[in-house]
$ cat query.csv   # CSV, C-alpha atoms
chain,number,residue,atom,x,y,z
A,1,MET,CA,59.8,219.0,184.7
A,2,SER,CA,61.7,220.2,181.7
A,3,THR,CA,65.2,221.6,181.9
A,4,ALA,CA,64.1,224.9,180.5
A,5,THR,CA,61.5,225.3,183.2
A,6,ILE,CA,64.0,224.5,186.0
A,7,ARG,CA,66.4,227.0,184.5
A,8,THR,CA,63.7,229.6,184.4
A,9,LEU,CA,62.7,229.0,188.1
A,10,ALA,CA,66.4,229.0,189.2
A,11,ALA,CA,67.0,232.3,187.4
A,12,GLY,CA,64.0,233.9,189.0
A,13,LEU,CA,65.0,232.7,192.5
A,14,ALA,CA,68.6,233.9,192.0
A,15,ARG,CA,67.3,237.3,191.1
A,16,ALA,CA,65.1,237.4,194.1
A,17,CYS,CA,67.9,236.4,196.4
A,18,ARG,CA,70.3,239.0,195.1
A,19,ARG,CA,67.8,241.9,195.3
A,20,VAL,CA,66.2,241.1,198.7
A,21,ALA,CA,69.4,240.4,200.7
A,22,PRO,CA,68.3,242.6,203.6
A,23,HIS,CA,65.4,240.2,204.3
A,24,PRO,CA,66.8,236.7,204.0
A,25,LEU,CA,64.8,235.2,207.0
A,26,TRP,CA,61.5,236.1,205.3
A,27,LEU,CA,62.5,234.4,202.0
A,28,VAL,CA,63.7,230.9,202.9
A,29,GLY,CA,60.2,229.5,203.6
A,30,PRO,CA,58.4,231.2,200.7
A,31,LEU,CA,61.2,230.2,198.3
A,32,MET,CA,61.0,226.6,199.4
A,33,VAL,CA,57.3,226.6,198.9
A,34,ILE,CA,57.5,228.1,195.4
A,35,VAL,CA,60.1,225.5,194.4
A,36,ALA,CA,58.2,222.7,195.9
A,37,VAL,CA,54.8,223.4,194.2
A,38,PRO,CA,55.9,222.7,190.6
A,39,VAL,CA,58.2,219.9,191.6
A,40,ALA,CA,55.5,218.2,193.7
A,41,ASP,CA,52.9,218.6,191.0
A,42,ALA,CA,55.1,216.6,188.6
A,43,PHE,CA,54.7,213.5,190.9
A,44,LEU,CA,51.3,214.0,192.5
A,45,PRO,CA,48.1,212.5,191.1
A,46,ALA,CA,46.1,214.7,188.7
A,47,ASP,CA,43.4,215.4,191.3
A,48,ILE,CA,45.9,216.8,193.9
A,49,HIS,CA,47.1,220.3,193.2
A,50,LEU,CA,49.2,222.5,195.6
A,51,ALA,CA,48.9,225.8,193.8
A,52,HIS,CA,47.0,227.4,196.7
A,53,LEU,CA,50.2,227.2,198.8
A,54,LEU,CA,51.8,229.9,196.5
A,55,VAL,CA,49.4,232.5,198.0
A,56,VAL,CA,50.8,231.6,201.5
A,57,ALA,CA,54.3,232.1,200.2
A,58,THR,CA,53.6,235.6,198.8
A,59,ALA,CA,51.7,236.6,201.9
A,60,VAL,CA,54.5,235.6,204.3
A,61,THR,CA,56.9,237.5,202.2
A,62,ALA,CA,54.8,240.7,202.3
A,63,ILE,CA,54.8,240.5,206.1
A,64,GLY,CA,58.5,240.9,206.6
A,65,ALA,CA,60.0,242.1,203.3
A,66,GLY,CA,59.7,245.3,201.3
A,67,THR,CA,58.0,246.2,198.0
A,68,ARG,CA,60.8,245.0,195.8
A,69,ALA,CA,61.1,241.6,197.5
A,70,THR,CA,57.4,241.1,197.5
A,71,THR,CA,57.2,242.0,193.8
A,72,LEU,CA,59.9,239.5,192.9
A,73,ILE,CA,58.5,236.7,195.0
A,74,CYS,CA,55.0,237.2,193.6
A,75,SER,CA,56.5,237.1,190.1
A,76,VAL,CA,58.3,233.9,190.8
A,77,ALA,CA,55.2,232.4,192.4
A,78,LEU,CA,53.2,233.2,189.2
A,79,LEU,CA,56.0,231.7,187.2
A,80,ALA,CA,55.9,228.6,189.4
A,81,LEU,CA,52.1,228.2,188.9
A,82,VAL,CA,52.6,228.5,185.1
A,83,ALA,CA,55.3,225.9,185.3
A,84,ALA,CA,53.1,223.6,187.3
A,85,GLY,CA,50.3,224.0,184.7
A,86,VAL,CA,52.7,223.3,181.8
A,87,GLU,CA,53.9,220.1,183.6
A,88,ARG,CA,50.3,218.9,183.8
A,89,HIS,CA,49.4,220.1,180.3
A,90,ALA,CA,46.6,222.0,182.0
A,91,LEU,CA,47.7,225.6,181.6
A,92,THR,CA,44.7,226.6,179.5
A,93,THR,CA,42.2,224.8,181.7
A,94,GLU,CA,39.6,226.8,183.6
A,95,SER,CA,40.8,225.8,187.0
A,96,VAL,CA,44.5,226.9,186.3
A,97,LEU,CA,43.4,230.1,184.7
A,98,VAL,CA,41.2,231.0,187.7
A,99,GLU,CA,44.2,230.1,190.0
A,100,LEU,CA,46.5,232.4,187.9
A,101,CYS,CA,44.0,235.3,188.0
A,102,ALA,CA,43.5,234.9,191.8
A,103,LEU,CA,47.2,234.7,192.5
A,104,ALA,CA,47.8,237.7,190.3
A,105,ALA,CA,45.1,239.7,192.1
A,106,VAL,CA,46.5,238.8,195.5
A,107,SER,CA,50.0,239.6,194.3
A,108,VAL,CA,48.9,243.1,193.2
A,109,LEU,CA,47.2,243.8,196.5
A,110,LEU,CA,50.3,242.6,198.5
A,111,VAL,CA,52.6,244.8,196.4
A,112,VAL,CA,50.4,247.8,196.9
A,113,PHE,CA,50.2,247.1,200.6
A,114,THR,CA,53.9,246.8,201.0
A,115,HIS,CA,54.5,249.9,199.0
A,116,LEU,CA,52.1,251.9,201.2
A,117,ARG,CA,53.6,250.4,204.4
A,118,ASP,CA,57.2,251.1,203.3
A,119,ARG,CA,56.3,254.7,202.4
A,120,HIS,CA,54.6,255.2,205.8
A,121,GLU,CA,57.7,253.8,207.5
A,122,ARG,CA,60.0,256.1,205.6
A,123,GLU,CA,57.9,259.1,206.5
A,124,LEU,CA,57.9,258.0,210.1
A,125,VAL,CA,61.7,257.7,210.1
A,126,ARG,CA,62.1,261.1,208.6
A,127,ALA,CA,59.6,262.6,211.1
A,128,ARG,CA,61.4,261.0,214.0
A,129,SER,CA,64.8,262.2,212.7
A,130,VAL,CA,63.5,265.8,212.4
A,131,SER,CA,61.9,265.5,215.9
A,132,ASP,CA,65.0,264.1,217.5
A,133,THR,CA,67.2,266.8,215.9
A,134,ALA,CA,64.8,269.6,217.0
A,135,GLN,CA,64.6,268.2,220.5
A,136,ARG,CA,68.4,267.9,220.8
A,137,VAL,CA,68.8,271.5,219.7
A,138,VAL,CA,66.4,272.5,222.6
A,139,LEU,CA,68.2,270.3,225.2
A,140,ARG,CA,71.8,270.4,224.3
A,141,PRO,CA,74.2,268.0,226.0
A,142,LEU,CA,76.3,269.5,228.8
A,143,PRO,CA,80.1,269.8,228.3
A,144,GLU,CA,82.2,267.4,230.2
A,145,ARG,CA,84.0,270.4,231.8
A,146,ALA,CA,83.2,274.0,232.3
A,147,GLY,CA,86.1,275.9,233.8
A,148,PRO,CA,87.1,274.2,237.0
A,149,VAL,CA,83.8,272.3,237.2
A,150,TRP,CA,83.3,268.7,235.8
A,151,LEU,CA,79.7,268.0,234.7
A,152,ALA,CA,77.5,265.0,233.9
A,153,SER,CA,73.8,264.7,233.3
A,154,GLU,CA,71.0,262.3,232.7
A,155,TYR,CA,67.6,262.8,231.1
A,156,HIS,CA,64.6,260.5,230.7
A,157,SER,CA,61.4,261.6,229.1
A,158,SER,CA,58.1,260.1,230.3
A,159,GLU,CA,57.2,259.4,226.6
A,160,ALA,CA,59.1,256.6,225.0
A,161,ASP,CA,59.6,258.4,221.6
A,162,ALA,CA,60.6,261.7,223.1
A,163,TYR,CA,64.1,263.0,223.9
A,164,VAL,CA,62.9,266.2,225.5
A,165,GLY,CA,59.9,266.7,227.8
A,166,GLY,CA,59.0,268.9,230.7
A,167,ASP,CA,62.3,268.8,232.5
A,168,LEU,CA,65.3,270.9,231.5
A,169,TYR,CA,68.9,271.7,232.3
A,170,ALA,CA,71.7,273.9,230.8
A,171,SER,CA,75.1,275.3,231.6
A,172,ALA,CA,76.8,278.5,230.7
A,173,ARG,CA,80.2,280.1,231.3
A,174,THR,CA,80.9,283.7,232.2
A,175,SER,CA,84.4,285.1,232.4
A,176,HIS,CA,84.8,284.0,236.0
A,177,SER,CA,82.2,281.4,236.8
A,178,THR,CA,80.1,278.4,235.7
A,179,ARG,CA,76.3,278.7,235.8
A,180,LEU,CA,73.7,275.9,235.8
A,181,ILE,CA,70.0,275.7,235.6
A,182,ILE,CA,67.7,272.7,236.2
A,183,GLY,CA,63.9,273.1,236.0
A,184,ASP,CA,60.6,271.3,235.7
A,185,VAL,CA,57.8,272.6,233.5
A,186,ARG,CA,54.3,272.0,234.7
A,187,GLY,CA,53.2,269.0,232.7
A,188,LYS,CA,55.3,266.4,231.0
A,189,GLY,CA,56.3,264.8,227.7
A,190,LEU,CA,56.0,266.4,224.3
A,191,ALA,CA,53.2,268.8,225.3
A,192,SER,CA,55.6,270.8,227.5
A,193,ILE,CA,58.5,271.3,225.0
A,194,SER,CA,57.4,274.8,224.1
A,195,ASP,CA,57.7,276.0,227.7
A,196,THR,CA,61.0,274.1,228.0
A,197,ALA,CA,62.4,276.0,225.0
A,198,ILE,CA,61.3,279.3,226.4
A,199,VAL,CA,63.1,278.8,229.7
A,200,LEU,CA,66.3,277.5,228.1
A,201,GLY,CA,66.3,280.2,225.5
A,202,ALA,CA,66.1,282.9,228.1
A,203,PHE,CA,68.8,281.3,230.3
A,204,ARG,CA,71.2,280.9,227.4
A,205,SER,CA,70.8,284.4,226.1
A,206,ALA,CA,71.8,286.0,229.5
A,207,ALA,CA,73.7,283.4,231.6
A,208,HIS,CA,77.0,284.1,229.8
A,209,ARG,CA,76.9,287.8,230.8
A,210,ASP,CA,78.8,289.0,233.8
A,211,ILE,CA,75.7,290.0,235.7
A,212,PRO,CA,74.8,289.0,239.3
A,213,LEU,CA,72.8,285.8,239.7
A,214,PRO,CA,69.7,287.6,241.0
A,215,GLU,CA,69.7,289.7,237.9
A,216,LEU,CA,69.9,286.6,235.7
A,217,VAL,CA,67.0,285.0,237.5
A,218,ALA,CA,64.9,288.2,237.1
A,219,TYR,CA,65.7,288.2,233.4
A,220,VAL,CA,64.6,284.6,233.0
A,221,GLU,CA,61.5,285.2,235.0
A,222,ASP,CA,60.5,288.2,232.8
A,223,ALA,CA,61.2,286.2,229.6
A,224,VAL,CA,59.2,283.2,230.9
A,225,ARG,CA,56.2,285.3,231.9
A,226,TRP,CA,56.2,287.0,228.5
A,227,GLY,CA,56.6,283.6,226.7
A,228,LEU,CA,53.9,281.8,228.6
A,229,ALA,CA,51.5,284.7,228.0
A,230,GLU,CA,52.3,284.8,224.3
A,231,PHE,CA,51.5,281.1,223.8
A,232,SER,CA,48.7,280.6,226.3
A,233,ALA,CA,45.2,280.1,224.9
A,234,SER,CA,43.5,281.9,227.8
A,235,GLU,CA,44.0,283.5,231.2
A,236,ALA,CA,43.0,280.3,232.9
A,237,ASP,CA,45.6,278.4,230.9
A,238,LEU,CA,48.3,281.0,231.7
A,239,ALA,CA,47.5,280.7,235.5
A,240,GLU,CA,48.2,277.0,235.4
A,241,ARG,CA,51.5,277.3,233.5
A,242,PHE,CA,54.7,277.7,235.5
A,243,VAL,CA,58.3,276.4,235.8
A,244,THR,CA,60.1,275.4,239.0
A,245,ALA,CA,63.8,275.9,238.7
A,246,VAL,CA,67.1,276.2,240.5
A,247,MET,CA,70.0,278.3,239.2
A,248,VAL,CA,73.4,278.1,240.6
A,249,ASP,CA,76.6,280.1,240.1
A,250,ILE,CA,80.0,278.5,240.8
A,251,PRO,CA,82.8,281.1,240.9
A,252,ASP,CA,86.2,279.9,239.6
A,253,ASP,CA,88.2,281.6,242.4
A,254,GLU,CA,86.0,281.0,245.4
A,255,PRO,CA,85.2,277.7,247.1
A,256,VAL,CA,81.4,278.4,247.2
A,257,VAL,CA,78.3,277.9,245.2
A,258,GLN,CA,75.4,280.4,245.0
A,259,VAL,CA,71.9,279.1,244.7
A,260,VAL,CA,68.6,280.7,243.9
A,261,SER,CA,65.6,278.4,244.1
A,262,CYS,CA,62.3,279.1,242.4
A,263,GLY,CA,60.0,276.6,244.0
A,264,HIS,CA,62.3,273.7,243.0
A,265,PRO,CA,63.5,270.7,245.1
A,266,PRO,CA,66.7,271.7,246.9
A,267,PRO,CA,70.1,270.5,245.5
A,268,LEU,CA,72.2,268.0,247.4
A,269,LEU,CA,75.9,268.6,248.2
A,270,TRP,CA,78.3,265.8,249.0
A,271,ARG,CA,81.3,267.1,250.9
A,272,GLN,CA,84.5,265.2,250.3
A,273,SER,CA,86.0,266.3,253.6
A,274,GLY,CA,83.4,264.6,255.7
A,275,ALA,CA,81.8,262.2,253.2
A,276,THR,CA,78.4,263.6,254.1
A,277,VAL,CA,75.4,264.6,252.0
A,278,ALA,CA,73.7,267.9,252.8
A,279,THR,CA,70.4,269.3,251.5
A,280,LEU,CA,70.9,272.9,250.4
A,281,GLU,CA,67.8,274.5,251.7
A,282,VAL,CA,67.5,278.1,250.5
A,283,PRO,CA,66.3,280.4,253.3
A,284,GLU,CA,64.4,282.8,250.9
A,285,PRO,CA,63.0,280.8,248.0
A,286,ALA,CA,61.3,282.6,245.1
A,287,PRO,CA,58.0,281.6,243.4
A,288,PRO,CA,58.2,279.3,240.4
A,289,LEU,CA,59.0,281.1,237.1
A,290,GLY,CA,55.8,282.4,235.6
A,291,LEU,CA,53.9,282.8,238.8
A,292,ALA,CA,55.5,286.0,240.1
A,293,LEU,CA,53.0,288.8,240.7
A,294,GLY,CA,53.9,292.0,238.9
A,295,ASP,CA,57.4,292.9,237.7
A,296,MET,CA,59.9,291.3,240.1
A,297,SER,CA,63.3,293.1,240.3
A,298,ASP,CA,66.5,291.3,240.9
A,299,SER,CA,66.4,292.3,244.6
A,300,ALA,CA,63.5,289.9,245.0
A,301,TYR,CA,65.8,287.0,244.4
A,302,VAL,CA,68.2,286.4,247.3
A,303,PRO,CA,70.9,283.8,246.6
A,304,ALA,CA,72.1,281.5,249.3
A,305,THR,CA,75.8,280.8,249.5
A,306,PHE,CA,77.2,277.4,250.5
A,307,PRO,CA,80.7,276.0,250.8
A,308,PHE,CA,81.8,274.1,247.6
A,309,GLN,CA,85.3,272.9,248.0
A,310,GLU,CA,87.5,271.0,245.5
A,311,GLY,CA,86.2,267.4,245.2
A,312,ASP,CA,82.7,268.2,246.4
A,313,ARG,CA,79.8,267.1,244.3
A,314,LEU,CA,76.6,269.1,243.7
A,315,ILE,CA,73.6,267.1,242.7
A,316,LEU,CA,70.7,269.0,240.9
A,317,TYR,CA,67.6,267.0,240.1
A,318,THR,CA,63.9,267.2,239.3
A,319,ASP,CA,61.0,265.6,241.2
A,320,GLY,CA,60.9,262.8,238.7
A,321,VAL,CA,63.8,261.4,240.6
A,322,THR,CA,62.6,261.9,244.2
A,323,GLU,CA,59.0,261.1,243.5
A,324,ALA,CA,59.6,257.8,241.7
A,325,ARG,CA,58.0,255.0,243.8
A,326,ASP,CA,58.8,251.3,244.4
A,327,GLN,CA,56.2,248.6,244.5
A,328,ARG,CA,55.2,249.6,248.1
A,329,GLY,CA,54.6,253.2,247.1
A,330,ASP,CA,57.7,254.6,248.9
A,331,PHE,CA,59.6,257.5,247.3
A,332,TYR,CA,63.1,257.1,246.0
A,333,PRO,CA,65.6,258.0,248.8
A,334,LEU,CA,68.0,260.1,246.7
A,335,ALA,CA,70.1,261.4,249.5
A,336,GLU,CA,70.7,257.9,250.9
A,337,ARG,CA,71.6,256.6,247.5
A,338,VAL,CA,73.9,259.5,246.7
A,339,ALA,CA,75.9,258.7,249.8
A,340,ILE,CA,76.7,255.2,248.4
A,341,TRP,CA,78.3,256.3,245.1
A,342,ALA,CA,79.2,259.9,245.8
A,343,ASP,CA,82.9,259.3,245.7
A,344,GLN,CA,82.6,258.3,242.0
A,345,ALA,CA,83.3,260.7,239.1
A,346,PRO,CA,80.2,262.7,238.0
A,347,GLY,CA,79.6,260.5,235.0
A,348,ALA,CA,79.8,257.2,237.0
A,349,LEU,CA,77.7,258.8,239.8
A,350,VAL,CA,74.9,259.7,237.4
A,351,GLU,CA,75.0,256.3,235.7
A,352,ALA,CA,74.8,254.5,239.1
A,353,ILE,CA,71.9,256.6,240.4
A,354,THR,CA,70.0,256.3,237.1
A,355,ALA,CA,70.4,252.5,237.1
A,356,ASP,CA,69.4,252.2,240.7
A,357,LEU,CA,66.4,254.5,240.2
A,358,GLU,CA,65.1,252.4,237.3
A,359,GLU,CA,65.5,249.2,239.3
A,360,TYR,CA,63.8,250.9,242.3
A,361,ALA,CA,60.8,251.9,240.2
A,362,GLY,CA,60.6,248.6,238.5
A,363,GLY,CA,61.1,250.2,235.1
A,364,ARG,CA,58.0,252.3,235.6
A,365,MET,CA,59.2,255.9,235.0
A,366,ASP,CA,55.9,257.8,234.8
A,367,ASP,CA,57.4,261.3,234.9
A,368,ASP,CA,60.2,263.2,233.2
A,369,MET,CA,63.5,262.9,235.0
A,370,ALA,CA,66.6,265.1,234.9
A,371,MET,CA,69.7,265.1,237.0
A,372,VAL,CA,73.0,267.1,236.8
A,373,VAL,CA,76.1,266.4,238.9
A,374,ALA,CA,78.8,269.1,239.2
A,375,GLN,CA,82.2,268.5,240.8
A,376,ARG,CA,84.7,271.2,241.5
A,377,GLY,CA,88.3,270.5,240.8
A,378,ARG,CA,90.3,267.6,239.4
A,379,VAL,CA,88.6,264.3,238.6
A,380,THR,CA,90.7,261.2,239.1
A,381,ALA,CA,90.1,257.7,237.8
A,382,ASN,CA,88.0,256.8,240.9
A,383,ALA,CA,86.6,260.2,241.7
$ encode --input "query.csv" --output "structure tokens"
Amino acid sequence: MSTATIRTLAAGLARACRRVAPHPLWLVGPLMVIVAVPVADAFLPADIHLAHLLVVATAVTAIGAGTRATTLICSVALLALVAAGVERHALTTESVLVELCALAAVSVLLVVFTHLRDRHERELVRARSVSDTAQRVVLRPLPERAGPVWLASEYHSSEADAYVGGDLYASARTSHSTRLIIGDVRGKGLASISDTAIVLGAFRSAAHRDIPLPELVAYVEDAVRWGLAEFSASEADLAERFVTAVMVDIPDDEPVVQVVSCGHPPPLLWRQSGATVATLEVPEPAPPLGLALGDMSDSAYVPATFPFQEGDRLILYTDGVTEARDQRGDFYPLAERVAIWADQAPGALVEAITADLEEYAGGRMDDDMAMVVAQRGRVTANA
């Protein structure tokens, strides 16, 4: 092999290495093959030719590298084939010309393929970015602290690529209290995001006002019924759309919590004084949002008041937590598990329960899941 040929190949390989640095693992093998073909041809008998291996090198590159890297490797492969033909003094023979045309055609197809694939991947990344941003606007993260209340939350969507699904939560501050909502839209995953947005929009628009909790629930109910009716395809569709929810109000200057339940699983309350977990069953629960018959006034929503002392933890959750099953089909015993870690700070408590829930279900989370932990008063390093 002539010195000029070696220099030409080396220059081509150097350019390829510089321009495709993001994909080095996909270049080592192809580059070795491309170098080996003209070198080997210089020593092999005339009836043995390795040019077909250059197609393998270009194809392997196209699998893992981008358009630019594939173009450069294909170009160097063509150059290597030309070099091999020159070394054998057979560049103008029919067989070498056919090999050159075939390799050029394959190279063009591979470059077009990588270009279309890269464009599709870029479009997918942009779409996911827009989707993630939109979803995070709908389901905003809770603040770490709201007045005298410390907060932590966890959310898992049943769909792997979705951040928001059919479960929801939000917080709001009035001049003298902290308000929370947790809810579960009928359905799950991306299909229920519109209903989730309706509920959260209604809550956020009114929860900061100094109005009684029943009036807030009545406002949200009215907005949800209007929103569901506006976006329902038919009466039958509207009849099947509803939202279970719990709304709570935690006054700053009273050691209590007020709860209104609209067909939602009851909150849990861990009392620091006795280290016990209680289920906050509401004596007069209301129907799920969207299922109320006629115009319901705020008098139809009767809040239940429970003691909520400093250091107590309030656990709000959706049925994606309590209806998760283990391999035997048993439901997740949330109240029992809460008692184990309830002396932890809200963030640590949420993390512990979430990890335990995923282990309990064997990683099979088939439903949306949301959980909020609220603690009144000062949070120490251990609690």
$ residues_around --input "query.csv" --residues "stretch 97-103 of chain A" --least-positions-apart "3" --cutoff "9 Å" --atoms "all atoms listed in the file" --output "number ranges by chain"
A: 51-52, 54-55, 74, 77-78, 81-82, 91-94, 106-108
$ atom_distance --input "query.csv" --atom1 "atom CA of A:Ala152" --atom2 "atom CA of A:Ala324"
20.8 Å
$ closest_residue --input "query.csv" --among "A:Pro267, A:Gly320, A:Gly329, A:Gly183" --to "A:Ile198" --atoms "all atoms listed in the file"
A:Gly183
$ atom_distance --input "query.csv" --atom1 "atom CA of A:Val372" --atom2 "atom CA of A:Ala229"
29.1 Å
$ atom_distance --input "query.csv" --atom1 "atom CA of A:Asp343" --atom2 "atom CA of A:Ala355"
16.6 Å
$ closest_residue --input "query.csv" --among "A:Thr322, A:Thr114, A:Ser175, A:Gln258" --to "A:Asp367" --atoms "all atoms listed in the file"
A:Thr322
$ residues_around --input "query.csv" --residues "A:Leu200" --least-positions-apart "4" --cutoff "9 Å" --atoms "all atoms listed in the file" --output "ChimeraX atom specification"
/A:138-139,168-170,181,195-196,204-205,220
$ write_last_selection --input "query.csv" --atoms "C-alpha atoms" --output "compact mmCIF listing (two decimals), keeping the file's coordinate frame"
# COMPACT_ATOMS: atom_id res chain seq x y z
CA VAL A 138 66.40 272.50 222.60
CA LEU A 139 68.20 270.30 225.20
CA LEU A 168 65.30 270.90 231.50
CA TYR A 169 68.90 271.70 232.30
CA ALA A 170 71.70 273.90 230.80
CA ILE A 181 70.00 275.70 235.60
CA ASP A 195 57.70 276.00 227.70
CA THR A 196 61.00 274.10 228.00
CA ARG A 204 71.20 280.90 227.40
CA SER A 205 70.80 284.40 226.10
CA VAL A 220 64.60 284.60 233.00
$ closest_residue --input "query.csv" --among "A:Glu323, A:Glu123, A:Glu87, A:Asp249" --to "A:Ala374" --atoms "all atoms listed in the file"
A:Asp249
$ closest_residue --input "query.csv" --among "A:Ala59, A:Ile211, A:Leu142, A:Leu316" --to "A:Val246" --atoms "only C-alpha atoms"
A:Leu316
$ residues_around --input "query.csv" --residues "A:Trp270" --least-positions-apart "5" --cutoff "6 Å" --atoms "all atoms listed in the file" --output "PDB file with C-alpha atoms, in the coordinates of the input"
ATOM      1  CA  THR A 276      78.400 263.600 254.100  1.00  0.00           C
ATOM      2  CA  VAL A 277      75.400 264.600 252.000  1.00  0.00           C
ATOM      3  CA  ASP A 312      82.700 268.200 246.400  1.00  0.00           C
ATOM      4  CA  ARG A 313      79.800 267.100 244.300  1.00  0.00           C
TER       5      ARG A 313
END
$ residues_around --input "query.csv" --residues "A:Val243" --least-positions-apart "6" --cutoff "7 Å" --atoms "all atoms listed in the file" --output "compact mmCIF listing (two decimals) with C-alpha atoms, in the frame of the given file"
# COMPACT_ATOMS: atom_id res chain seq x y z
CA GLY A 183 63.90 273.10 236.00
CA ASP A 184 60.60 271.30 235.70
CA VAL A 185 57.80 272.60 233.50
CA ARG A 186 54.30 272.00 234.70
CA PRO A 288 58.20 279.30 240.40
CA LEU A 289 59.00 281.10 237.10
CA GLY A 290 55.80 282.40 235.60
$ closest_residue --input "query.csv" --among "A:Ala90, A:Ala105, A:Val257, A:Ala223" --to "A:Phe306" --atoms "all atoms listed in the file"
A:Val257
$ closest_residue --input "query.csv" --among "A:Ser129, A:Thr244, A:Thr70, A:Thr279" --to "A:Ile315" --atoms "only C-alpha atoms"
A:Thr279
$ residues_near_point --input "query.csv" --point "(60.8, 263.9, 234.9)" --cutoff "8 Å" --atoms "all atoms listed in the file" --output "ChimeraX atom specification"
/A:155-158,165-167,184,188,318-321,366-370
